[in-house]
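entry37.cif (mmCIF, C-alpha atoms and all ligand atoms) appears below.
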data_start
#
loop_
_atom_site.label_atom_id
_atom_site.label_comp_id
_atom_site.auth_asym_id
_atom_site.auth_seq_id
_atom_site.Cartn_x
_atom_site.Cartn_y
_atom_site.Cartn_z
CA MET H 1 0.00 0.00 0.00
CA LYS H 2 1.08 3.48 -0.64
CA ARG H 3 1.43 5.78 2.28
CA THR H 4 -1.32 8.35 2.20
CA PHE H 5 -1.01 11.82 3.62
CA GLN H 6 -2.99 10.61 6.60
CA ASP H 7 -0.41 7.89 7.10
CA ILE H 8 2.32 10.50 7.07
CA TRP H 9 0.39 12.70 9.46
CA THR H 10 -0.09 9.74 11.73
CA ALA H 11 3.58 8.97 11.49
CA LEU H 12 4.39 12.56 12.33
CA LEU H 13 2.25 12.36 15.43
CA MET H 14 3.98 9.17 16.38
CA GLY H 15 7.35 10.75 15.85
CA LEU H 16 8.28 8.30 13.17
CA VAL H 17 9.01 10.73 10.36
CA LEU H 18 12.62 11.54 9.83
CA PRO H 19 13.69 15.04 10.84
CA GLY H 20 15.35 15.35 7.48
CA CYS H 21 15.51 13.16 4.45
CA VAL H 22 18.75 12.01 2.99
CA MET H 23 18.41 10.20 -0.25
CA ASN H 24 21.08 7.98 -1.65
CA ALA H 25 20.17 7.49 -5.21
CA ALA H 26 21.62 4.35 -6.66
CA ALA H 27 19.91 5.25 -9.84
CA SER H 28 20.22 4.21 -13.40
CA LEU H 29 18.39 5.00 -16.55
CA SER H 30 16.97 2.40 -18.82
CA ARG H 31 18.19 4.18 -21.89
CA GLY H 32 16.26 3.81 -25.03
CA ALA H 33 13.41 2.06 -23.30
CA PRO H 34 10.47 3.01 -25.43
CA PRO H 35 7.32 4.25 -23.82
CA ALA H 36 5.59 1.33 -25.43
CA GLU H 37 1.84 1.49 -25.45
CA GLU H 38 1.58 -2.02 -24.08
CA THR H 39 3.65 -1.18 -21.04
CA VAL H 40 2.53 2.29 -20.06
CA ALA H 41 -0.75 3.09 -21.73
CA VAL H 42 -3.88 2.68 -19.68
CA THR H 43 -7.19 3.51 -21.22
CA GLU H 44 -9.75 5.71 -19.58
CA THR H 45 -12.16 2.82 -19.33
CA GLN H 46 -9.88 0.63 -17.29
CA ALA H 47 -10.61 0.51 -13.61
CA ALA H 48 -8.22 2.27 -11.29
CA LYS H 49 -5.40 -0.01 -10.31
CA PRO H 50 -5.04 -0.96 -6.71
CA GLU H 51 -2.52 1.27 -5.00
CA ARG H 52 1.01 0.03 -5.19
CA ALA H 53 4.39 1.42 -4.36
CA SER H 54 6.28 2.95 -7.26
CA GLY H 55 9.68 1.97 -5.92
CA LEU H 56 10.69 5.62 -5.98
CA SER H 57 10.73 7.91 -3.01
CA VAL H 58 10.32 11.60 -2.31
CA CYS H 59 11.44 13.72 0.60
CA LEU H 60 8.62 16.19 1.21
CA ARG H 61 9.07 19.33 3.30
CA LEU H 62 5.86 20.02 5.14
CA PRO H 63 4.71 23.53 6.02
CA ASP H 64 5.34 22.90 9.71
CA GLY H 65 9.04 22.49 9.02
CA THR H 66 9.20 18.71 9.30
CA SER H 67 9.97 16.34 6.47
CA ALA H 68 8.38 13.10 5.38
CA GLN H 69 9.45 10.32 3.06
CA LEU H 70 6.68 9.49 0.59
CA ASP H 71 6.21 7.02 -2.18
CA MET H 72 6.75 8.90 -5.44
CA ASP H 73 3.44 8.09 -7.08
CA ALA H 74 1.42 8.79 -3.92
CA TYR H 75 3.18 12.15 -3.77
CA LEU H 76 2.51 12.83 -7.45
CA VAL H 77 -1.22 12.26 -7.02
CA SER H 78 -1.27 15.04 -4.42
CA VAL H 79 0.89 17.27 -6.60
CA MET H 80 -1.50 16.85 -9.48
CA LEU H 81 -4.55 17.50 -7.31
CA ALA H 82 -2.98 20.89 -6.65
CA GLU H 83 -1.44 21.57 -10.03
CA MET H 84 -3.86 20.44 -12.76
CA PRO H 85 -7.66 20.19 -13.00
CA ALA H 86 -8.70 16.53 -12.84
CA SER H 87 -11.13 17.27 -15.65
CA PHE H 88 -8.29 17.71 -18.12
CA GLY H 89 -7.82 15.09 -20.81
CA SER H 90 -6.25 11.84 -19.66
CA GLU H 91 -3.26 12.30 -21.97
CA ALA H 92 -2.67 15.79 -20.54
CA LEU H 93 -2.81 14.29 -17.05
CA LYS H 94 -0.25 11.66 -18.03
CA ALA H 95 2.04 14.33 -19.50
CA GLN H 96 1.71 16.29 -16.27
CA ALA H 97 2.54 13.20 -14.23
CA VAL H 98 5.75 12.63 -16.19
CA ALA H 99 6.74 16.30 -15.93
CA ALA H 100 6.11 16.39 -12.18
CA ARG H 101 7.93 13.07 -11.65
CA THR H 102 10.90 14.32 -13.64
CA TYR H 103 10.97 17.61 -11.77
CA THR H 104 10.88 15.78 -8.45
CA LEU H 105 13.60 13.27 -9.30
CA LYS H 106 15.78 16.03 -10.71
CA ALA H 107 15.50 17.82 -7.37
CA SER H 108 16.28 14.57 -5.54
CA VAL H 109 19.38 13.88 -7.56
CA THR H 110 20.78 17.41 -7.81
CA GLY H 111 19.66 18.73 -4.44
CA GLY H 112 16.99 20.98 -5.89
CA LYS H 113 16.03 24.36 -4.51
CA HIS H 114 16.48 23.21 -0.91
CA ALA H 115 19.92 21.72 -1.58
CA ASP H 116 19.07 18.48 0.24
CA GLY H 117 17.00 16.85 -2.48
CA SER H 118 13.68 17.59 -0.84
CA VAL H 119 10.69 19.31 -2.38
CA CYS H 120 8.26 21.60 -0.60
CA THR H 121 4.54 22.17 -0.99
CA ASP H 122 4.78 25.76 -2.22
CA PRO H 123 3.87 25.96 -5.91
CA GLY H 124 5.88 29.16 -6.18
CA CYS H 125 9.00 27.30 -5.05
CA CYS H 126 8.74 23.59 -5.92
CA GLN H 127 5.33 22.07 -6.66
CA GLY H 128 1.87 22.45 -5.17
CA TYR H 129 0.57 19.70 -2.91
CA LEU H 130 -2.99 18.92 -1.90
CA ASP H 131 -3.80 15.77 0.05
CA GLN H 132 -6.89 13.86 -0.98
CA GLU H 133 -8.94 14.77 2.08
CA SER H 134 -8.34 18.48 1.52
CA TYR H 135 -9.10 18.07 -2.18
CA LEU H 136 -12.48 16.51 -1.38
CA LYS H 137 -13.24 19.21 1.18
CA LYS H 138 -12.58 21.84 -1.48
CA GLY H 139 -15.22 20.32 -3.72
CA GLY H 140 -13.09 17.78 -5.56
CA THR H 141 -14.55 14.38 -6.33
CA GLN H 142 -13.37 10.81 -5.87
CA GLU H 143 -13.73 10.43 -9.63
CA GLY H 144 -11.21 13.22 -10.08
CA ILE H 145 -8.78 11.55 -7.71
CA ASP H 146 -9.20 8.27 -9.60
CA ARG H 147 -8.56 9.96 -12.96
CA ILE H 148 -5.36 11.49 -11.65
CA ARG H 149 -4.24 8.25 -10.03
CA ARG H 150 -4.73 6.41 -13.32
CA ALA H 151 -2.52 8.96 -15.08
CA VAL H 152 0.18 8.57 -12.45
CA ASP H 153 -0.03 4.77 -12.54
CA ALA H 154 -0.02 4.64 -16.34
CA THR H 155 3.28 6.50 -16.45
CA SER H 156 4.82 5.07 -13.29
CA GLY H 157 8.60 5.28 -13.36
CA TYR H 158 8.80 7.25 -16.60
CA VAL H 159 10.80 10.43 -16.78
CA LEU H 160 12.21 12.78 -19.40
CA THR H 161 15.90 12.95 -20.16
CA TYR H 162 18.14 14.91 -22.50
CA GLY H 163 21.59 13.60 -23.26
CA GLY H 164 21.12 10.96 -20.58
CA GLU H 165 20.36 13.48 -17.84
CA LEU H 166 17.07 14.29 -16.20
CA ILE H 167 15.69 17.50 -17.60
CA GLU H 168 14.44 20.60 -15.84
CA ALA H 169 10.80 19.73 -16.48
CA THR H 170 9.24 23.11 -15.84
CA TYR H 171 5.56 23.67 -16.50
CA PHE H 172 3.03 26.41 -16.06
CA SER H 173 -0.66 27.21 -16.51
CA CYS H 174 -1.06 28.78 -19.95
CA SER H 175 1.16 30.49 -22.49
CA GLY H 176 -1.25 32.73 -24.35
CA GLY H 177 -0.28 31.05 -27.62
CA ARG H 178 3.46 30.51 -27.42
CA THR H 179 5.85 29.28 -24.75
CA GLU H 180 9.02 31.12 -23.78
CA ASP H 181 12.74 30.40 -24.03
CA ALA H 182 14.23 29.50 -20.65
CA VAL H 183 17.12 31.88 -21.30
CA ALA H 184 14.69 34.79 -21.64
CA VAL H 185 13.31 34.17 -18.15
CA TRP H 186 16.14 32.68 -16.13
CA GLY H 187 19.20 33.63 -18.15
CA THR H 188 20.17 29.99 -18.65
CA ASP H 189 19.68 28.24 -21.93
CA PHE H 190 18.36 24.68 -22.09
CA PRO H 191 18.10 23.10 -25.54
CA TYR H 192 14.78 21.47 -24.63
CA LEU H 193 13.26 24.61 -23.09
CA ARG H 194 12.83 26.66 -26.21
CA SER H 195 9.85 28.62 -27.39
CA VAL H 196 7.19 26.55 -29.20
CA GLU H 197 3.67 27.18 -30.42
CA SER H 198 0.92 26.38 -27.96
CA PRO H 199 -2.44 26.77 -29.67
CA GLY H 200 -5.90 26.13 -28.34
CA GLU H 201 -5.58 27.76 -24.93
CA GLU H 202 -8.45 30.17 -25.39
CA GLN H 203 -10.49 28.40 -22.75
CA ALA H 204 -7.90 29.15 -20.09
CA ALA H 205 -8.97 31.69 -17.50
CA HIS H 206 -5.80 33.70 -18.01
CA ASP H 207 -5.33 33.36 -21.74
CA SER H 208 -5.53 37.15 -21.67
CA ASP H 209 -5.91 39.68 -18.88
CA THR H 210 -6.22 43.44 -18.55
CA LEU H 211 -4.55 45.24 -15.65
CA ILE H 212 -5.07 48.97 -15.10
CA PHE H 213 -2.67 51.13 -13.11
CA THR H 214 -2.80 54.78 -12.10
CA GLN H 215 0.16 56.97 -12.92
CA ASP H 216 1.09 57.10 -9.24
CA GLN H 217 1.05 53.30 -9.01
CA ILE H 218 3.56 53.10 -11.86
CA ARG H 219 5.75 55.78 -10.26
CA GLU H 220 5.65 53.95 -6.95
CA ALA H 221 6.44 50.57 -8.51
CA LEU H 222 9.40 51.97 -10.40
CA GLY H 223 10.48 54.08 -7.46
CA ARG H 224 10.85 57.10 -9.69
CA ASP H 225 9.19 60.44 -10.24
CA LEU H 226 8.23 60.08 -13.88
CA GLU H 227 7.49 63.43 -15.43
CA GLY H 228 5.39 64.64 -18.31
CA PRO H 229 2.22 63.08 -19.68
CA PRO H 230 2.17 59.25 -19.45
CA GLN H 231 1.91 59.01 -23.23
CA THR H 232 5.56 60.07 -23.32
CA TRP H 233 6.82 57.59 -20.73
CA PHE H 234 7.01 54.46 -22.82
CA GLY H 235 9.79 53.97 -25.33
CA GLU H 236 11.41 51.13 -27.22
CA THR H 237 10.27 47.61 -26.41
CA LEU H 238 12.26 44.52 -27.36
CA TYR H 239 10.61 41.11 -27.53
CA THR H 240 11.73 37.55 -26.86
CA GLU H 241 11.30 34.47 -29.05
CA GLY H 242 8.22 33.64 -27.02
CA ASP H 243 6.57 37.00 -27.65
CA GLY H 244 7.43 38.16 -24.16
CA VAL H 245 8.86 41.55 -23.31
CA ALA H 246 12.65 41.31 -23.17
CA SER H 247 12.97 44.95 -22.20
CA MET H 248 10.84 48.06 -22.18
CA VAL H 249 11.98 51.65 -21.86
CA ILE H 250 9.99 53.64 -19.33
CA GLY H 251 10.94 57.21 -18.56
CA GLY H 252 14.21 56.81 -20.45
CA GLU H 253 15.34 53.70 -18.56
CA ALA H 254 15.16 50.12 -19.80
CA TYR H 255 13.51 47.50 -17.59
CA THR H 256 13.43 43.78 -18.23
CA GLY H 257 10.10 42.08 -18.79
CA THR H 258 10.73 39.67 -15.93
CA TRP H 259 11.40 42.55 -13.54
CA LEU H 260 8.29 44.41 -14.66
CA ARG H 261 6.21 41.25 -14.31
CA GLU H 262 7.36 40.71 -10.76
CA THR H 263 7.21 44.36 -9.73
CA LEU H 264 3.79 45.05 -11.20
CA GLY H 265 2.36 41.61 -10.43
CA LEU H 266 1.60 40.86 -14.07
CA PRO H 267 0.40 37.34 -14.96
CA SER H 268 3.21 36.91 -17.50
CA THR H 269 5.95 38.74 -19.39
CA ALA H 270 3.89 38.67 -22.58
CA PHE H 271 2.27 42.08 -22.42
CA THR H 272 1.57 45.30 -24.21
CA VAL H 273 0.94 48.68 -22.61
CA GLU H 274 -1.07 51.70 -23.60
CA VAL H 275 -2.38 54.87 -22.00
CA ARG H 276 -6.14 55.22 -21.81
CA MET H 277 -7.89 58.09 -20.04
CA GLU H 278 -4.66 58.91 -18.24
CA GLN H 279 -4.43 55.36 -16.90
CA ILE H 280 -1.80 52.79 -17.80
CA VAL H 281 -3.35 49.65 -19.26
CA PHE H 282 -1.41 46.38 -19.52
CA GLN H 283 -2.80 43.63 -21.72
CA THR H 284 -1.20 40.30 -20.89
CA ARG H 285 -1.23 36.87 -22.49
CA GLY H 286 -0.77 33.64 -20.57
CA TYR H 287 -0.07 32.93 -16.93
CA GLY H 288 3.18 31.89 -15.32
CA HIS H 289 6.77 31.86 -16.49
CA ARG H 290 5.69 30.23 -19.78
CA VAL H 291 8.76 27.97 -19.93
CA GLY H 292 8.27 24.26 -20.65
CA MET H 293 4.87 22.60 -20.79
CA SER H 294 1.71 24.65 -20.91
CA GLN H 295 -0.96 22.81 -18.95
CA TYR H 296 -3.83 24.30 -20.91
CA GLY H 297 -1.94 23.71 -24.13
CA ALA H 298 -1.44 20.07 -23.14
CA ASP H 299 -5.16 19.76 -22.50
CA ALA H 300 -5.93 21.29 -25.91
CA MET H 301 -3.62 18.74 -27.55
CA ALA H 302 -5.21 15.89 -25.60
CA ASP H 303 -8.59 17.06 -26.89
CA LYS H 304 -7.25 16.79 -30.41
CA GLY H 305 -6.17 13.20 -29.84
CA TRP H 306 -2.48 13.67 -29.08
CA GLN H 307 -0.84 11.01 -26.93
CA TYR H 308 1.06 12.12 -23.86
CA GLU H 309 4.37 11.15 -25.44
CA GLN H 310 3.62 13.55 -28.30
CA ILE H 311 2.59 16.32 -25.92
CA LEU H 312 5.85 15.95 -23.99
CA SER H 313 7.92 15.86 -27.19
CA HIS H 314 6.26 19.06 -28.32
CA TYR H 315 6.92 21.03 -25.16
CA TYR H 316 10.31 19.48 -24.38
CA PRO H 317 11.80 19.00 -27.85
CA GLY H 318 14.67 16.59 -28.22
CA THR H 319 14.00 14.79 -24.95
CA GLU H 320 13.59 11.07 -24.38
CA LEU H 321 10.96 9.32 -22.32
CA VAL H 322 12.73 6.61 -20.33
CA LEU H 323 12.10 4.34 -17.37
CA TRP H 324 13.91 5.32 -14.21
CA GLU H 325 15.08 2.16 -12.53
CA SER H 326 16.68 1.01 -9.32
CA PHE H 327 16.12 4.22 -7.46
CA ALA H 328 16.82 3.25 -3.86
CA VAL H 329 16.44 5.12 -0.62
CA GLN H 330 18.63 3.97 2.20
ZN ZN C 401 10.58 24.36 -2.46
#

Once more with this new file: its structure as structure tokens, please.
Amino acid sequence: MKRTFQDIWTALLMGLVLPGCVMNAAASLSRGAPPAEETVAVTETQAAKPERASGLSVCLRLPDGTSAQLDMDAYLVSVMLAEMPASFGSEALKAQAVAARTYTLKASVTGGKHADGSVCTDPGCCQGYLDQESYLKKGGTQEGIDRIRRAVDATSGYVLTYGGELIEATYFSCSGGRTEDAVAVWGTDFPYLRSVESPGEEQAAHDSDTLIFTQDQIREALGRDLEGPPQTWFGETLYTEGDGVASMVIGGEAYTGTWLRETLGLPSTAFTVEVRMEQIVFQTRGYGHRVGMSQYGADAMADKGWQYEQILSHYYPGTELVLWESFAVQ
């Protein structure tokens, strides 16, 4: 049986959970192992499999500062309950499961953001996490949990690699039509995190947004006393491969799109700006950093009949889907 969140909570109460998790990864990749339909594909009509251990393990940092060792696939179910609507197409759910598994294992092997191989429950840092009980209390259904569990089970053990190494499997909500180059957002280039088309996201809540600022709000955000009418503030704008703002001149100074996004709280770096009735109006496209897999784009592809392997190949070009074997925790 997998350990559920309740099990972990019980273990915490009993003082059984390790104060910290040290993972010794005697890991190897089954290179070239094809994601053969007969081994990984599970149809929507098949009944949910009984819970079973994946053989992989995760060190989860809980909000109270303690850590817990979880079975990978049990953890991934809770990640997906937080990160992707259960109503999304089953192939999109499978793609998400592989991306989240890859992200988690990459953190385990390299140390990740917390340096010790653990992952936390903050979606702004590592990945979101919602245990099944909380999911149901928030209006989720058992059917949704079962759909997500099937996607996790169907892809159990499979991860994405590039050149034999686990990739940085970043993902986000929606792109607004095109994903972004990693180098444009983080300054580091990854050959598999390049801008690609991402059509069919119009149903996403944040495919486009309008944010209106007063002149004083812009002055305050920039920490400058901009002078003259606001129509004269905005100068040259340079764009990225992913149609994001690379830099925008405001009041004679150039600001990066990533800085403006963070400072102004914009949904993404893909934006235009205009002055209307003396107010500053930002029109944005997409939501999130827009690097890697678009969740709404993946769902649109699933609707069109794409398999999860194709979805992953589209958003992470040049990568391989392989089985991660012999991952041991000691
Ligand atoms: Zn974290």

Dump the neighbourhood of ligand ZN 401 (chain C) as a CSV table (one decimal) with C-alpha atoms, in the frame of the given file: all residues within 10 Å, distances computed on only C-alpha atoms and all ligand atoms.
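Saved to out.csv:
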chain,number,residue,atom,x,y,z
H,60,LEU,CA,8.6,16.2,1.2
H,61,ARG,CA,9.1,19.3,3.3
H,62,LEU,CA,5.9,20.0,5.1
H,107,ALA,CA,15.5,17.8,-7.4
H,112,GLY,CA,17.0,21.0,-5.9
H,113,LYS,CA,16.0,24.4,-4.5
H,114,HIS,CA,16.5,23.2,-0.9
H,115,ALA,CA,19.9,21.7,-1.6
H,117,GLY,CA,17.0,16.8,-2.5
H,118,SER,CA,13.7,17.6,-0.8
H,119,VAL,CA,10.7,19.3,-2.4
H,120,CYS,CA,8.3,21.6,-0.6
H,121,THR,CA,4.5,22.2,-1.0
H,122,ASP,CA,4.8,25.8,-2.2
H,123,PRO,CA,3.9,26.0,-5.9
H,124,GLY,CA,5.9,29.2,-6.2
H,125,CYS,CA,9.0,27.3,-5.0
H,126,CYS,CA,8.7,23.6,-5.9
H,127,GLN,CA,5.3,22.1,-6.7
H,128,GLY,CA,1.9,22.4,-5.2

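Distances here use all atoms listed in the file; by that measure, the residue among H:Thr155, H:Leu264, H:Pro199, H:Leu193 closest to Gly318 of chain H is H:Leu193.
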
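For the pair atom CA of Asp71 of chain H and atom CA of Gln142 of chain H, the interatomic distance is 20.3 Å.
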
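With only C-alpha atoms as the atoms that count, the minimum distance from Ser198 of chain H to the choices H:Lys94, H:Lys106, H:Arg276, H:Arg290 is reached by H:Arg290.
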
### Residue with smallest distance to Gln217 of chain H - pool H:Ala184, H:Val159, H:Val281, H:Ile145, counting only C-alpha atoms
H:Val281

Take every atom of segment 311-327 of chain H listed in the file, fit an axis-aligned box around them, add 8 Å per side, and give the centre and edge lengths in Å to one decimal as AutoDock Vina command-line options.
--center_x 9.6 --center_y 11.0 --center_z -17.9 --size_x 30.1 --size_y 36.0 --size_z 36.9

### Query
Residues at most 6 Å from Thr179 of chain H, counting only C-alpha atoms, excluding those fewer than 3 positions away in the same chain, as JSON, numbers by chain?
{"H": [175, 195, 196, 242, 290, 291]}

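Computed from the coordinates, the atom CA of Tyr287 of chain H to atom CA of Pro267 of chain H distance equals 4.9 Å.
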
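When only C-alpha atoms are used to compute distances to Val273 of chain H, the closest of the residues H:Gln295, H:Ile212, H:Val183, H:Thr240 turns out to be H:Ile212.
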
### Query
To one decimal place, how far is atom CA of Glu262 of chain H from atom CA of Glu274 of chain H in Å?
18.9 Å

### Task
Extract, using all atoms listed in the file, all DNA, RNA and protein residues at most 8 Å from Glu241 of chain H, discarding same-chain residues fewer than 3 positions from it, and format them as a PyMOL selection string.
chain H and resi 180-181+195+244

Would you mind exporting the chosen residues as a PDB file, in the frame of the given file, restricted to C-alpha atoms?
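Full text of out.pdb as output:
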ATOM      1  CA  GLU H 180       9.020  31.120 -23.780  1.00  0.00           C
ATOM      2  CA  ASP H 181      12.740  30.400 -24.030  1.00  0.00           C
ATOM      3  CA  SER H 195       9.850  28.620 -27.390  1.00  0.00           C
ATOM      4  CA  GLY H 244       7.430  38.160 -24.160  1.00  0.00           C
TER       5      GLY H 244
END

### Query
Quick one: residues within 12 Å of Ile280 of chain H, all atoms listed in the file counted, chain neighbours fewer than 6 positions away excluded, as a PyMOL selection string?
chain H and resi 210-219+229-234+250+264+272-274

### Task
Could you check which of H:Ser108, H:Thr102, H:Thr258, H:Ser313 is closest to Tyr192 of chain H, using all atoms listed in the file?
H:Ser313

### Query
Do you know which residues are at most 10 Å from segment 73-81 of chain H counting all atoms listed in the file, after dropping those on the same chain fewer than 3 positions away, and could you put them as a PyMOL selection string?
chain H and resi 1-5+51-60+69-70+84-86+93+96-98+100-101+104+121+123+127-132+134-136+140+144-153+155-157
